[in-house]
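The file target-v5.txt contains compact mmCIF, C-alpha atoms:
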```txt
# COMPACT_ATOMS: atom_id res chain seq x y z
CA MET S 1 -15.37 -47.90 -12.10
CA ASN S 2 -16.25 -44.40 -10.91
CA LEU S 3 -16.56 -41.42 -13.23
CA TYR S 4 -13.23 -39.79 -12.37
CA ARG S 5 -11.34 -43.02 -12.89
CA LEU S 6 -13.21 -43.66 -16.13
CA SER S 7 -12.28 -40.22 -17.41
CA VAL S 8 -8.62 -40.83 -16.50
CA THR S 9 -8.73 -44.12 -18.41
CA LEU S 10 -10.31 -42.48 -21.44
CA ILE S 11 -7.85 -39.59 -21.38
CA THR S 12 -4.97 -42.05 -21.13
CA GLY S 13 -6.20 -43.87 -24.21
CA PHE S 14 -6.72 -40.61 -26.03
CA PHE S 15 -3.23 -39.37 -25.17
CA GLY S 16 -1.77 -42.64 -26.35
CA ALA S 17 -3.50 -42.25 -29.70
CA VAL S 18 -2.51 -38.60 -30.02
CA LEU S 19 1.12 -39.32 -29.17
CA LEU S 20 1.27 -41.79 -32.03
CA LEU S 21 0.03 -39.18 -34.45
CA VAL S 22 1.65 -35.94 -33.37
CA PRO S 23 5.38 -35.19 -33.25
CA SER S 24 6.60 -33.89 -29.93
CA GLY S 25 9.08 -31.15 -29.11
CA CYS S 26 11.25 -30.76 -26.04
CA GLY S 27 8.77 -32.03 -23.50
CA PRO S 28 6.05 -29.50 -24.17
CA LYS S 29 2.35 -29.80 -23.60
CA LYS S 30 0.41 -27.46 -25.76
CA GLY S 31 -3.23 -26.88 -25.07
CA GLU S 32 -6.31 -26.40 -27.14
CA ASP S 33 -7.07 -22.80 -27.82
CA SER S 34 -10.18 -21.18 -26.55
CA GLU S 35 -12.54 -19.17 -28.64
CA LYS S 36 -12.21 -16.26 -26.26
CA ASP S 37 -9.45 -14.64 -24.30
CA SER S 38 -6.66 -16.49 -26.03
CA LEU S 39 -3.60 -14.93 -27.58
CA GLU S 40 -4.87 -15.40 -31.08
CA THR S 41 -4.43 -13.11 -34.00
CA PRO S 42 -7.69 -12.13 -35.67
CA THR S 43 -7.37 -15.16 -37.94
CA ALA S 44 -7.54 -17.61 -34.97
CA PRO S 45 -4.39 -19.73 -35.31
CA PRO S 46 -4.39 -23.50 -35.27
CA LEU S 47 -3.51 -25.18 -31.99
CA ILE S 48 -2.02 -28.61 -31.60
CA SER S 49 -2.82 -30.66 -28.55
CA VAL S 50 0.24 -32.84 -28.00
CA ASN S 51 -0.42 -34.11 -24.52
CA GLY S 52 -3.01 -31.86 -22.97
CA GLU S 53 -1.77 -28.93 -20.97
CA LEU S 54 1.37 -28.45 -18.93
CA PHE S 55 0.81 -28.49 -15.19
CA SER S 56 2.54 -26.41 -12.61
CA ILE S 57 2.52 -27.70 -9.03
CA PRO S 58 3.34 -25.20 -6.27
CA SER S 59 6.62 -25.78 -4.47
CA PRO S 60 6.43 -27.79 -1.21
CA ILE S 61 8.65 -25.09 0.28
CA GLN S 62 5.68 -22.73 0.26
CA SER S 63 3.76 -25.07 2.56
CA SER S 64 6.70 -25.22 4.98
CA ALA S 65 6.98 -21.45 4.94
CA LEU S 66 3.28 -21.16 5.75
CA LEU S 67 3.61 -23.60 8.67
CA LYS S 68 6.42 -21.58 10.16
CA LYS S 69 4.62 -18.29 9.63
CA SER S 70 1.50 -19.75 11.27
CA GLY S 71 3.39 -20.62 14.43
CA ALA S 72 3.65 -24.41 14.00
CA LYS S 73 6.68 -25.91 15.72
CA TYR S 74 9.40 -27.86 13.92
CA SER S 75 9.14 -31.62 14.23
CA GLN S 76 11.94 -33.89 13.02
CA GLU S 77 9.67 -36.94 13.48
CA LEU S 78 7.52 -35.79 10.57
CA LEU S 79 10.31 -36.28 8.07
CA ASN S 80 11.21 -39.37 6.12
CA GLN S 81 14.41 -40.51 7.81
CA THR S 82 17.45 -40.81 5.55
CA SER S 83 18.11 -44.22 7.09
CA ASN S 84 15.27 -45.47 4.86
CA LEU S 85 17.36 -44.72 1.76
CA PRO S 86 18.70 -48.28 1.20
CA ALA S 87 15.13 -49.58 0.98
CA TYR S 88 14.48 -47.67 -2.25
CA SER S 89 15.61 -50.19 -4.81
CA ASN S 90 13.45 -49.54 -7.86
CA ASN S 91 13.07 -46.43 -10.01
CA PHE S 92 9.52 -45.75 -8.82
CA LYS S 93 10.56 -45.60 -5.16
CA LYS S 94 13.71 -43.66 -6.00
CA ALA S 95 11.86 -41.01 -7.99
CA VAL S 96 9.01 -40.53 -5.56
CA ASN S 97 11.36 -40.37 -2.57
CA LEU S 98 13.55 -37.88 -4.41
CA GLY S 99 10.50 -35.63 -4.27
CA ILE S 100 9.80 -36.55 -0.64
CA TYR S 101 13.34 -35.81 0.53
CA GLY S 102 13.26 -32.53 -1.39
CA ALA S 103 10.14 -31.44 0.50
CA ASP S 104 11.82 -32.52 3.76
CA LEU S 105 14.97 -30.54 3.00
CA GLY S 106 12.86 -27.47 2.25
CA TYR S 107 11.11 -27.90 5.62
CA ILE S 108 14.46 -28.28 7.41
CA ILE S 109 15.91 -25.13 5.85
CA ILE S 110 12.78 -23.05 6.40
CA TYR S 111 13.00 -23.93 10.10
CA SER S 112 16.77 -23.23 10.14
CA GLN S 113 17.55 -26.78 11.27
CA THR S 114 20.51 -26.83 8.92
CA GLN S 115 22.48 -29.29 11.05
CA ASN S 116 20.20 -31.92 9.47
CA SER S 117 20.38 -30.60 5.95
CA LEU S 118 23.55 -32.24 4.64
CA GLY S 119 22.24 -35.74 5.33
CA TYR S 120 19.13 -34.99 3.29
CA LEU S 121 21.11 -33.36 0.48
CA ASN S 122 23.33 -36.46 0.31
CA ALA S 123 20.24 -38.68 0.14
CA ILE S 124 18.88 -36.48 -2.68
CA LYS S 125 22.19 -36.70 -4.54
CA LYS S 126 22.24 -40.49 -4.20
CA LEU S 127 18.69 -40.87 -5.54
CA SER S 128 19.23 -38.42 -8.39
CA ASP S 129 22.44 -40.25 -9.36
CA ASP S 130 20.58 -43.56 -9.27
CA ILE S 131 17.83 -42.38 -11.61
CA GLY S 132 20.36 -40.92 -14.03
CA VAL S 133 20.35 -37.20 -13.29
CA SER S 134 23.74 -36.99 -11.61
CA GLY S 135 24.48 -33.61 -13.22
CA ALA S 136 21.73 -31.90 -11.23
CA PHE S 137 23.35 -32.37 -7.82
CA ASP S 138 27.00 -32.34 -8.82
CA GLU S 139 30.05 -31.67 -6.68
CA LYS S 140 29.93 -27.96 -7.48
CA LEU S 141 26.38 -27.68 -6.13
CA MET S 142 27.23 -29.75 -3.05
CA LYS S 143 30.19 -27.48 -2.24
CA ARG S 144 28.14 -24.33 -2.76
CA PHE S 145 25.54 -25.74 -0.37
CA GLU S 146 28.15 -26.48 2.29
CA LYS S 147 29.67 -23.02 1.96
CA ASN S 148 26.32 -21.32 2.48
CA MET S 149 25.12 -23.22 5.53
CA SER S 150 24.50 -20.03 7.45
CA ASN S 151 22.33 -18.45 4.76
CA ASN S 152 18.90 -20.06 4.46
CA ASP S 153 17.89 -18.11 1.37
CA SER S 154 21.03 -19.24 -0.43
CA LEU S 155 20.46 -22.84 0.61
CA LEU S 156 16.91 -22.78 -0.74
CA SER S 157 18.08 -21.19 -3.96
CA ILE S 158 20.91 -23.71 -4.43
CA PHE S 159 18.93 -26.87 -3.83
CA THR S 160 15.85 -25.75 -5.80
CA SER S 161 18.14 -24.96 -8.74
CA GLY S 162 19.28 -28.60 -8.51
CA TYR S 163 15.67 -29.77 -8.71
CA ARG S 164 15.02 -27.50 -11.69
CA SER S 165 18.07 -28.94 -13.47
CA ALA S 166 16.88 -32.48 -12.75
CA ASP S 167 13.37 -31.62 -13.97
CA GLY S 168 14.77 -30.10 -17.18
CA TYR S 169 17.03 -33.07 -17.80
CA LEU S 170 14.20 -35.56 -17.32
CA LYS S 171 11.86 -33.63 -19.62
CA ASN S 172 14.56 -33.26 -22.30
CA ASN S 173 15.17 -36.97 -22.22
CA ASP S 174 11.53 -37.88 -22.52
CA ARG S 175 11.33 -39.14 -18.95
CA ASN S 176 8.27 -37.16 -17.96
CA GLU S 177 6.98 -40.11 -15.96
CA VAL S 178 9.97 -39.79 -13.60
CA SER S 179 9.63 -36.01 -13.43
CA GLY S 180 5.93 -36.43 -12.55
CA LEU S 181 6.77 -38.83 -9.74
CA VAL S 182 9.32 -36.47 -8.20
CA ILE S 183 6.75 -33.68 -8.22
CA ALA S 184 4.02 -35.97 -6.84
CA GLY S 185 6.35 -37.14 -4.05
CA GLY S 186 7.07 -33.56 -3.02
CA TRP S 187 3.39 -32.69 -2.96
CA ILE S 188 2.44 -35.78 -0.93
CA GLU S 189 5.17 -35.14 1.65
CA SER S 190 4.23 -31.49 2.13
CA MET S 191 0.58 -32.52 2.53
CA TYR S 192 1.66 -35.18 5.01
CA PHE S 193 3.50 -32.85 7.35
CA THR S 194 0.91 -30.10 6.95
CA CYS S 195 -1.91 -32.45 7.99
CA LYS S 196 0.15 -33.96 10.82
CA VAL S 197 1.04 -30.56 12.23
CA LEU S 198 -2.67 -29.75 12.48
CA LYS S 199 -2.95 -32.29 15.31
CA ASN S 200 -1.02 -29.78 17.45
CA ASP S 201 -2.08 -26.38 18.71
CA PHE S 202 -0.53 -23.27 17.25
CA ALA S 203 -1.41 -19.66 16.57
CA ASP S 204 -2.92 -19.59 13.11
CA LYS S 205 -4.36 -23.04 12.48
CA ASN S 206 -7.20 -21.74 10.34
CA THR S 207 -4.83 -20.48 7.67
CA VAL S 208 -3.17 -23.88 7.49
CA ILE S 209 -6.53 -25.68 7.36
CA ARG S 210 -7.52 -23.43 4.51
CA ARG S 211 -4.28 -24.28 2.70
CA VAL S 212 -5.13 -27.98 3.01
CA ALA S 213 -8.55 -27.31 1.48
CA GLU S 214 -6.92 -25.35 -1.36
CA GLN S 215 -5.05 -28.50 -2.36
CA LYS S 216 -8.24 -29.43 -4.17
CA TYR S 217 -6.86 -27.40 -7.08
CA THR S 218 -3.36 -28.84 -6.88
CA LEU S 219 -4.34 -32.50 -6.43
CA ASP S 220 -6.28 -32.36 -9.65
CA LYS S 221 -3.06 -31.37 -11.45
CA VAL S 222 -0.93 -33.99 -9.68
CA ILE S 223 -3.34 -36.68 -10.90
CA LYS S 224 -3.24 -35.27 -14.42
CA LEU S 225 0.57 -35.37 -14.33
CA LEU S 226 0.39 -39.12 -13.72
CA THR S 227 -2.48 -39.68 -16.15
CA PRO S 228 -0.43 -40.50 -19.27
CA TYR S 229 1.05 -43.53 -17.49
CA TYR S 230 -2.16 -44.75 -15.88
CA GLN S 231 -2.84 -48.45 -16.42
CA ASN S 232 0.47 -48.90 -18.24
CA PRO S 233 1.23 -52.59 -17.58
CA GLU S 234 4.94 -51.77 -17.29
CA LEU S 235 4.29 -49.21 -14.55
CA PRO S 236 1.89 -50.89 -12.10
CA GLU S 237 3.00 -48.75 -9.16
CA TYR S 238 1.92 -45.66 -11.07
CA THR S 239 -1.57 -46.99 -11.40
CA GLU S 240 -1.69 -47.87 -7.71
CA LEU S 241 -0.54 -44.40 -6.70
CA ALA S 242 -2.91 -42.71 -9.14
CA ASP S 243 -5.81 -44.80 -7.81
CA GLN S 244 -4.99 -43.74 -4.25
CA LEU S 245 -4.83 -40.09 -5.28
CA ILE S 246 -8.12 -40.40 -7.14
CA GLU S 247 -9.71 -41.80 -3.97
CA LEU S 248 -8.33 -38.81 -2.11
CA TYR S 249 -9.69 -36.46 -4.75
CA HIS S 250 -13.20 -37.74 -4.07
CA VAL S 251 -12.97 -36.20 -0.60
CA PHE S 252 -11.73 -32.91 -2.03
CA GLU S 253 -14.44 -33.01 -4.67
CA GLU S 254 -17.02 -32.48 -1.94
CA LEU S 255 -15.44 -29.25 -0.68
CA GLN S 256 -17.54 -26.21 -1.51
CA ALA S 257 -15.61 -23.52 -3.38
CA GLU S 258 -16.66 -20.12 -4.63
CA TYR S 259 -14.89 -17.71 -6.93
CA LYS S 260 -15.44 -14.05 -7.72
CA TYR S 261 -13.52 -12.19 -10.39
CA VAL S 262 -12.08 -8.84 -9.31
CA PRO S 263 -10.00 -6.79 -11.79
CA SER S 264 -6.26 -6.81 -11.15
CA THR S 265 -4.21 -3.68 -10.55
CA THR S 266 -0.74 -3.04 -11.95
CA ASP S 267 2.13 -0.92 -10.71
CA VAL S 268 4.28 -0.47 -13.80
CA ALA S 269 7.19 1.08 -11.90
CA SER S 270 7.71 -2.02 -9.75
CA LYS S 271 6.60 -4.37 -12.55
CA THR S 272 4.05 -5.87 -10.20
CA THR S 273 0.43 -6.83 -10.75
CA THR S 274 -1.79 -7.50 -7.76
CA ILE S 275 -4.30 -10.28 -8.45
CA ARG S 276 -7.37 -9.41 -6.41
CA SER S 277 -9.92 -12.07 -7.39
CA LEU S 278 -11.56 -13.78 -4.44
CA THR S 279 -11.82 -17.45 -3.61
CA ASP S 280 -13.51 -19.17 -0.74
CA ILE S 281 -13.32 -22.86 0.06
CA ARG S 282 -14.84 -24.66 3.01
CA ILE S 283 -13.75 -27.87 4.71
CA SER S 284 -15.41 -29.66 7.64
CA PRO S 285 -13.48 -31.34 10.49
CA GLU S 286 -14.68 -34.72 9.18
CA GLN S 287 -13.35 -33.99 5.70
CA LEU S 288 -10.04 -32.83 7.15
CA ASN S 289 -9.77 -36.05 9.17
CA GLU S 290 -10.49 -38.17 6.12
CA ILE S 291 -7.88 -36.30 4.05
CA THR S 292 -5.33 -36.66 6.85
CA SER S 293 -6.01 -40.36 7.14
CA GLN S 294 -5.69 -41.01 3.41
CA ILE S 295 -2.54 -38.90 3.01
CA ASP S 296 -1.04 -40.75 5.97
CA ALA S 297 -1.62 -44.11 4.29
CA ILE S 298 -0.39 -42.98 0.86
CA ARG S 299 2.78 -41.38 2.21
CA ASN S 300 3.67 -44.20 4.59
CA ASN S 301 3.31 -46.71 1.78
CA LEU S 302 5.76 -44.70 -0.34
CA VAL S 303 8.50 -44.26 2.25
CA LYS S 304 8.65 -47.82 3.58
CA MET L 24 13.27 -45.12 -50.76
CA ILE L 25 14.84 -46.62 -47.63
CA ARG L 26 17.76 -44.18 -47.92
CA ASN L 27 15.37 -41.24 -48.17
CA PHE L 28 13.45 -42.49 -45.17
CA SER L 29 16.68 -42.87 -43.16
CA LEU L 30 17.77 -39.36 -44.05
CA ALA L 31 14.37 -37.99 -43.07
CA LEU L 32 14.53 -39.87 -39.78
CA LEU L 33 18.02 -38.55 -39.08
CA PHE L 34 16.86 -35.03 -39.87
CA VAL L 35 13.95 -35.36 -37.45
CA LEU L 36 16.21 -36.79 -34.72
CA PHE L 37 18.80 -34.04 -35.14
CA SER L 38 16.09 -31.38 -35.20
CA ALA L 39 14.57 -32.71 -31.99
CA PHE L 40 18.00 -32.94 -30.35
CA GLY L 41 18.78 -29.38 -31.46
CA ALA L 42 15.49 -28.13 -30.05
CA MET L 43 16.20 -29.84 -26.70
CA ALA L 44 19.67 -28.33 -26.50
CA GLN L 45 18.15 -24.98 -27.45
CA CYS L 46 15.66 -25.29 -24.56
CA ASP L 47 18.51 -25.88 -22.07
CA THR L 48 20.38 -22.80 -23.23
CA ILE L 49 17.22 -20.73 -22.98
CA VAL L 50 16.55 -21.94 -19.42
CA GLN L 51 20.02 -20.72 -18.44
CA SER L 52 19.45 -17.29 -19.96
CA CYS L 53 15.96 -17.07 -18.44
CA GLU L 54 17.40 -17.69 -14.97
CA LYS L 55 18.95 -14.23 -14.98
CA HIS L 56 15.49 -12.82 -14.21
CA MET L 57 15.29 -14.94 -11.07
CA THR L 58 17.05 -12.69 -8.61
CA ALA L 59 18.20 -13.80 -5.16
CA LYS L 60 14.91 -12.75 -3.58
CA PHE L 61 13.03 -15.38 -5.53
CA ILE L 62 13.08 -19.15 -5.00
CA SER L 63 12.52 -21.51 -7.91
CA ASP L 64 9.52 -23.82 -7.84
CA GLY L 65 11.99 -26.53 -8.93
CA GLN L 66 10.51 -27.00 -12.38
CA SER L 67 11.12 -25.68 -15.89
CA TYR L 68 8.28 -25.48 -18.37
CA ARG L 69 9.18 -25.90 -22.03
CA ALA L 70 7.21 -25.89 -25.25
CA LEU L 71 8.40 -26.09 -28.83
CA LEU L 72 6.15 -23.62 -30.60
CA LEU L 73 5.53 -23.55 -34.31
CA ASP L 74 4.04 -20.52 -36.08
CA SER L 75 1.11 -19.24 -34.06
CA GLU L 76 0.67 -22.17 -31.68
CA THR L 77 -0.13 -21.36 -28.09
CA ALA L 78 1.28 -23.26 -25.12
CA GLU L 79 -1.07 -23.60 -22.17
CA PHE L 80 0.13 -23.98 -18.60
CA GLN L 81 -2.22 -24.81 -15.74
CA SER L 82 -1.02 -23.33 -12.45
CA THR L 83 -2.15 -22.86 -8.90
CA PHE L 84 -0.87 -19.76 -7.14
CA TYR L 85 -1.15 -19.50 -3.38
CA GLY L 86 -2.66 -16.47 -1.70
CA ASP L 87 -0.53 -14.02 0.23
CA ALA L 88 2.48 -14.82 -1.96
CA THR L 89 4.42 -12.99 -4.65
CA TYR L 90 5.48 -14.86 -7.77
CA ARG L 91 7.80 -13.98 -10.61
CA ILE L 92 7.01 -15.43 -14.01
CA SER L 93 9.74 -15.27 -16.60
CA VAL L 94 9.30 -16.26 -20.25
CA CYS L 95 12.13 -16.64 -22.76
CA SER L 96 12.98 -18.00 -26.19
CA SER L 97 16.05 -18.06 -28.39
CA LEU L 98 15.20 -14.67 -29.84
CA PRO L 99 15.86 -11.29 -28.22
CA GLU L 100 13.79 -10.45 -25.15
CA GLY L 101 10.20 -9.47 -25.69
CA ASN L 102 9.48 -12.08 -28.32
CA ILE L 103 6.99 -14.06 -26.24
CA LEU L 104 3.50 -12.95 -25.41
CA PHE L 105 1.97 -14.35 -22.27
CA LYS L 106 -1.36 -13.96 -20.56
CA ILE L 107 -2.72 -15.09 -17.22
CA LEU L 108 -6.38 -16.08 -17.22
CA ASP L 109 -8.65 -17.09 -14.37
CA LYS L 110 -10.91 -20.13 -14.53
CA GLU L 111 -13.64 -18.02 -16.13
CA ARG L 112 -11.06 -16.93 -18.71
CA ASN L 113 -11.00 -13.36 -17.51
CA VAL L 114 -7.64 -11.85 -18.39
CA LEU L 115 -5.77 -11.06 -15.18
CA PHE L 116 -2.59 -9.92 -16.92
CA SER L 117 -1.17 -9.63 -20.42
CA ASN L 118 2.44 -8.70 -21.05
CA ALA L 119 1.30 -7.22 -24.38
CA ASP L 120 0.09 -4.30 -22.24
CA GLN L 121 3.59 -3.99 -20.75
CA LYS L 122 5.73 -3.82 -23.90
CA ASN L 123 6.04 -7.62 -24.03
CA ALA L 124 7.98 -7.62 -20.74
CA PRO L 125 9.98 -10.88 -20.40
CA TYR L 126 9.21 -11.15 -16.70
CA TRP L 127 6.68 -9.75 -14.29
CA ASP L 128 5.83 -10.06 -10.60
CA PHE L 129 2.41 -11.07 -9.31
CA LYS L 130 1.06 -10.58 -5.85
CA PHE L 131 -1.79 -13.01 -5.25
CA LEU L 132 -4.12 -11.95 -2.46
CA ASN L 133 -5.98 -15.28 -2.63
CA THR L 134 -5.18 -18.76 -3.88
CA LEU L 135 -6.18 -19.03 -7.52
CA ASP L 136 -6.26 -21.60 -10.27
CA CYS L 137 -5.00 -19.97 -13.43
CA THR L 138 -4.12 -20.69 -17.02
CA ILE L 139 -1.00 -19.15 -18.51
CA GLU L 140 -0.95 -18.91 -22.29
CA ALA L 141 2.29 -18.24 -24.14
CA LYS L 142 3.08 -17.80 -27.80
CA LEU L 143 5.80 -16.33 -29.99
CA THR L 144 5.27 -12.73 -30.97
CA PRO L 145 3.74 -12.76 -34.47
CA GLY L 146 6.22 -11.79 -37.16
CA MET L 147 9.34 -12.28 -35.04
CA SER L 148 9.86 -16.00 -35.52
CA LYS L 149 8.37 -19.02 -37.24
CA SER L 150 9.27 -21.47 -34.49
CA GLY L 151 11.28 -21.86 -31.33
CA CYS L 152 11.54 -23.27 -27.84
CA ALA L 153 9.57 -21.26 -25.31
CA VAL L 154 10.60 -21.53 -21.66
CA MET L 155 8.67 -20.37 -18.62
CA LEU L 156 10.11 -20.25 -15.11
CA ILE L 157 8.10 -19.65 -11.97
CA SER L 158 9.62 -18.54 -8.70
CA PHE L 159 8.23 -17.14 -5.50
CA LYS L 160 9.20 -14.81 -2.71
CA GLN L 161 8.86 -15.92 0.90
```
As structure tokens, please, write out the structure in this file.
Amino acid sequence: MNLYRLSVTLITGFFGAVLLLVPSGCGPKKGEDSEKDSLETPTAPPLISVNGELFSIPSPIQSSALLKKSGAKYSQELLNQTSNLPAYSNNFKKAVNLGIYGADLGYIIIYSQTQNSLGYLNAIKKLSDDIGVSGAFDEKLMKRFEKNMSNNDSLLSIFTSGYRSADGYLKNNDRNEVSGLVIAGGWIESMYFTCKVLKNDFADKNTVIRRVAEQKYTLDKVIKLLTPYYQNPELPEYTELADQLIELYHVFEELQAEYKYVPSTTDVASKTTTIRSLTDIRISPEQLNEITSQIDAIRNNLVK
Amino acid sequence: MIRNFSLALLFVLFSAFGAMAQCDTIVQSCEKHMTAKFISDGQSYRALLLDSETAEFQSTFYGDATYRISVCSSLPEGNILFKILDKERNVLFSNADQKNAPYWDFKFLNTLDCTIEAKLTPGMSKSGCAVMLISFKQ
């Protein structure tokens, strides 16, 4: 058992013990305080660790937007076809493909291929109904979507609000394991089409390659999202997926990253702070190939 | 004894249910800060805070993107303090410096791993559901 996997196992056991001892709120994850730079009063308040920290995973839509901005062409073949929908018969497959179809719909809208969007939205509605979050993609949302087919910004806003409702519902009902799968599915799909697109030539490939390398930070959080359910005998597919992602993380672990703090600047009038700190991360062609190959296998196993 | 235990259990269940319902209402009110220019990241981050507890959110923000972070609770606006810290725990932003602003925009020049800490403003409340929403501009 390698060190990362061992730590995941230990954390899982620790979380299990903590969950038995500490009452939970409405799906929160509160972190340990730090001795410095925390929001403490001078008396250093107590902090309760319920389930580690809460993790925020960037939206897959941002990856699609970057692909378009970088000059990559749209490719329908990259998407998980909605004809695969009947194959998703258990909750694991339904949840993870809810995330995958969400990433696909974001890609479709970003590239203004809205003639394909309704099929994906219907697939999303079917999966969300099946896993018990029918309120998130209700008739009202579906009609709003149809009425705004010519406005990409509105379409993005409408369908992401559906995902936020679903996420909130799942967290409120103590179904964080499903919420985590939806998020993981979205991340895997956006990584899949980002890596695939890099096989083609387009204007600003280096920016996209860099974005792949930057997933080192995000993958760590995706794994941590799944950690509380790792090695749960009732959720074997979780463990399998987590193991695959941990294998992938070993490739990312080798990427060299540097960070330099630079003070931020704030424009009070526009309520905007510019974060100027610098990061640099390097990835070799061999590492990129390995990541592409592993993402390919993980994603294709999930959509079949 | 059993009756007392049952009552205590019911109290806990109702309290938890009330807190969950409270979180939903707060999410709805927090959404008003997410104007049409911003797209939701599809998630809602919730924490039930007691006294001076701090909720900690681990986030990655992509470079060359503008984000809006909105924080809300059941109390009037400005009752949540939030800070953004880098991985060396340098403070990149604190809304305490901006009159406890309930939302703020952040332009990230580079991709960064950050920690967001949030807590109720001391003296304003003993407990409550804290909600954070993250959205981005294309």
For chain S, work out the contacting residues on chain L at 7 Å, counting only C-alpha atoms, and write them as a PDB file with C-alpha atoms, keeping the file's coordinate frame.
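So iface-v5.pdb came out as:
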```pdb
ATOM      1  CA  ALA L  39      14.570 -32.710 -31.990  1.00  0.00           C
ATOM      2  CA  ALA L  42      15.490 -28.130 -30.050  1.00  0.00           C
ATOM      3  CA  MET L  43      16.200 -29.840 -26.700  1.00  0.00           C
ATOM      4  CA  ILE L  62      13.080 -19.150  -5.000  1.00  0.00           C
ATOM      5  CA  SER L  63      12.520 -21.510  -7.910  1.00  0.00           C
ATOM      6  CA  ASP L  64       9.520 -23.820  -7.840  1.00  0.00           C
ATOM      7  CA  GLY L  65      11.990 -26.530  -8.930  1.00  0.00           C
ATOM      8  CA  GLN L  66      10.510 -27.000 -12.380  1.00  0.00           C
ATOM      9  CA  SER L  67      11.120 -25.680 -15.890  1.00  0.00           C
ATOM     10  CA  ARG L  69       9.180 -25.900 -22.030  1.00  0.00           C
ATOM     11  CA  ALA L  70       7.210 -25.890 -25.250  1.00  0.00           C
ATOM     12  CA  LEU L  71       8.400 -26.090 -28.830  1.00  0.00           C
ATOM     13  CA  SER L  75       1.110 -19.240 -34.060  1.00  0.00           C
ATOM     14  CA  GLU L  76       0.670 -22.170 -31.680  1.00  0.00           C
ATOM     15  CA  THR L  77      -0.130 -21.360 -28.090  1.00  0.00           C
ATOM     16  CA  ALA L  78       1.280 -23.260 -25.120  1.00  0.00           C
ATOM     17  CA  GLU L  79      -1.070 -23.600 -22.170  1.00  0.00           C
ATOM     18  CA  PHE L  80       0.130 -23.980 -18.600  1.00  0.00           C
ATOM     19  CA  GLN L  81      -2.220 -24.810 -15.740  1.00  0.00           C
ATOM     20  CA  SER L  82      -1.020 -23.330 -12.450  1.00  0.00           C
ATOM     21  CA  THR L  83      -2.150 -22.860  -8.900  1.00  0.00           C
ATOM     22  CA  PHE L  84      -0.870 -19.760  -7.140  1.00  0.00           C
ATOM     23  CA  ARG L 112     -11.060 -16.930 -18.710  1.00  0.00           C
ATOM     24  CA  VAL L 114      -7.640 -11.850 -18.390  1.00  0.00           C
ATOM     25  CA  LEU L 115      -5.770 -11.060 -15.180  1.00  0.00           C
ATOM     26  CA  TRP L 127       6.680  -9.750 -14.290  1.00  0.00           C
ATOM     27  CA  ASP L 128       5.830 -10.060 -10.600  1.00  0.00           C
ATOM     28  CA  PHE L 129       2.410 -11.070  -9.310  1.00  0.00           C
ATOM     29  CA  LYS L 130       1.060 -10.580  -5.850  1.00  0.00           C
ATOM     30  CA  PHE L 131      -1.790 -13.010  -5.250  1.00  0.00           C
ATOM     31  CA  LEU L 132      -4.120 -11.950  -2.460  1.00  0.00           C
ATOM     32  CA  ASN L 133      -5.980 -15.280  -2.630  1.00  0.00           C
ATOM     33  CA  THR L 134      -5.180 -18.760  -3.880  1.00  0.00           C
ATOM     34  CA  ASP L 136      -6.260 -21.600 -10.270  1.00  0.00           C
TER      35      ASP L 136
END
```
Around the point (13.7, -16.4, -26.0), in the coordinates given by the file, pick out the residues reaching within 9 Å, counting only C-alpha atoms, and return them as a list in words.
-> Ile49, Ser52, Cys53, Val94, Cys95, Ser96, Ser97, Leu98, Pro99, Glu100, Gly101, Asn102, Ile103, Pro125, Leu143, Gly151, Cys152, Ala153 and Val154 of chain L
Name all residues at most 8 Å from Tyr126 in chain L (count all atoms listed in the file; drop same-chain ones fewer than 2 positions away) and give them as a PyMOL selection string.
-> chain L and resi 56+91-94+124+128
Check the smallest atom-to-atom distance from each of L:Ala59, L:Met147, L:Cys137, L:Ala119 to Lys160 in chain L using only C-alpha atoms, then report the winner.
->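 Checking each candidate against Lys160 in chain L, we get L:Ala59 as the closest.
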Just give me the gap between CA of Trp187 in chain S and CA of Ile298 in chain S in Å, one decimal is fine.
-> 11.6 Å
Mind pulling up the distance from CA of Pro236 in chain S to CA of Tyr101 in chain S?
-> 22.8 Å
Figure out the distance between CA of Leu248 in chain S and CA of Asp220 in chain S, please, to one decimal in Å.
->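 Between CA of Asp220 in chain S and CA of Leu248 in chain S the gap works out to 10.1 Å.
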Can you find the residues with an atom no farther than 7 Å from (-0.2, -37.2, 0.9), counting all atoms listed in the file, and report them as a list in words?
-> Trp187, Ile188, Glu189, Met191, Tyr192, Ile295, Asp296, Ile298 and Arg299 of chain S
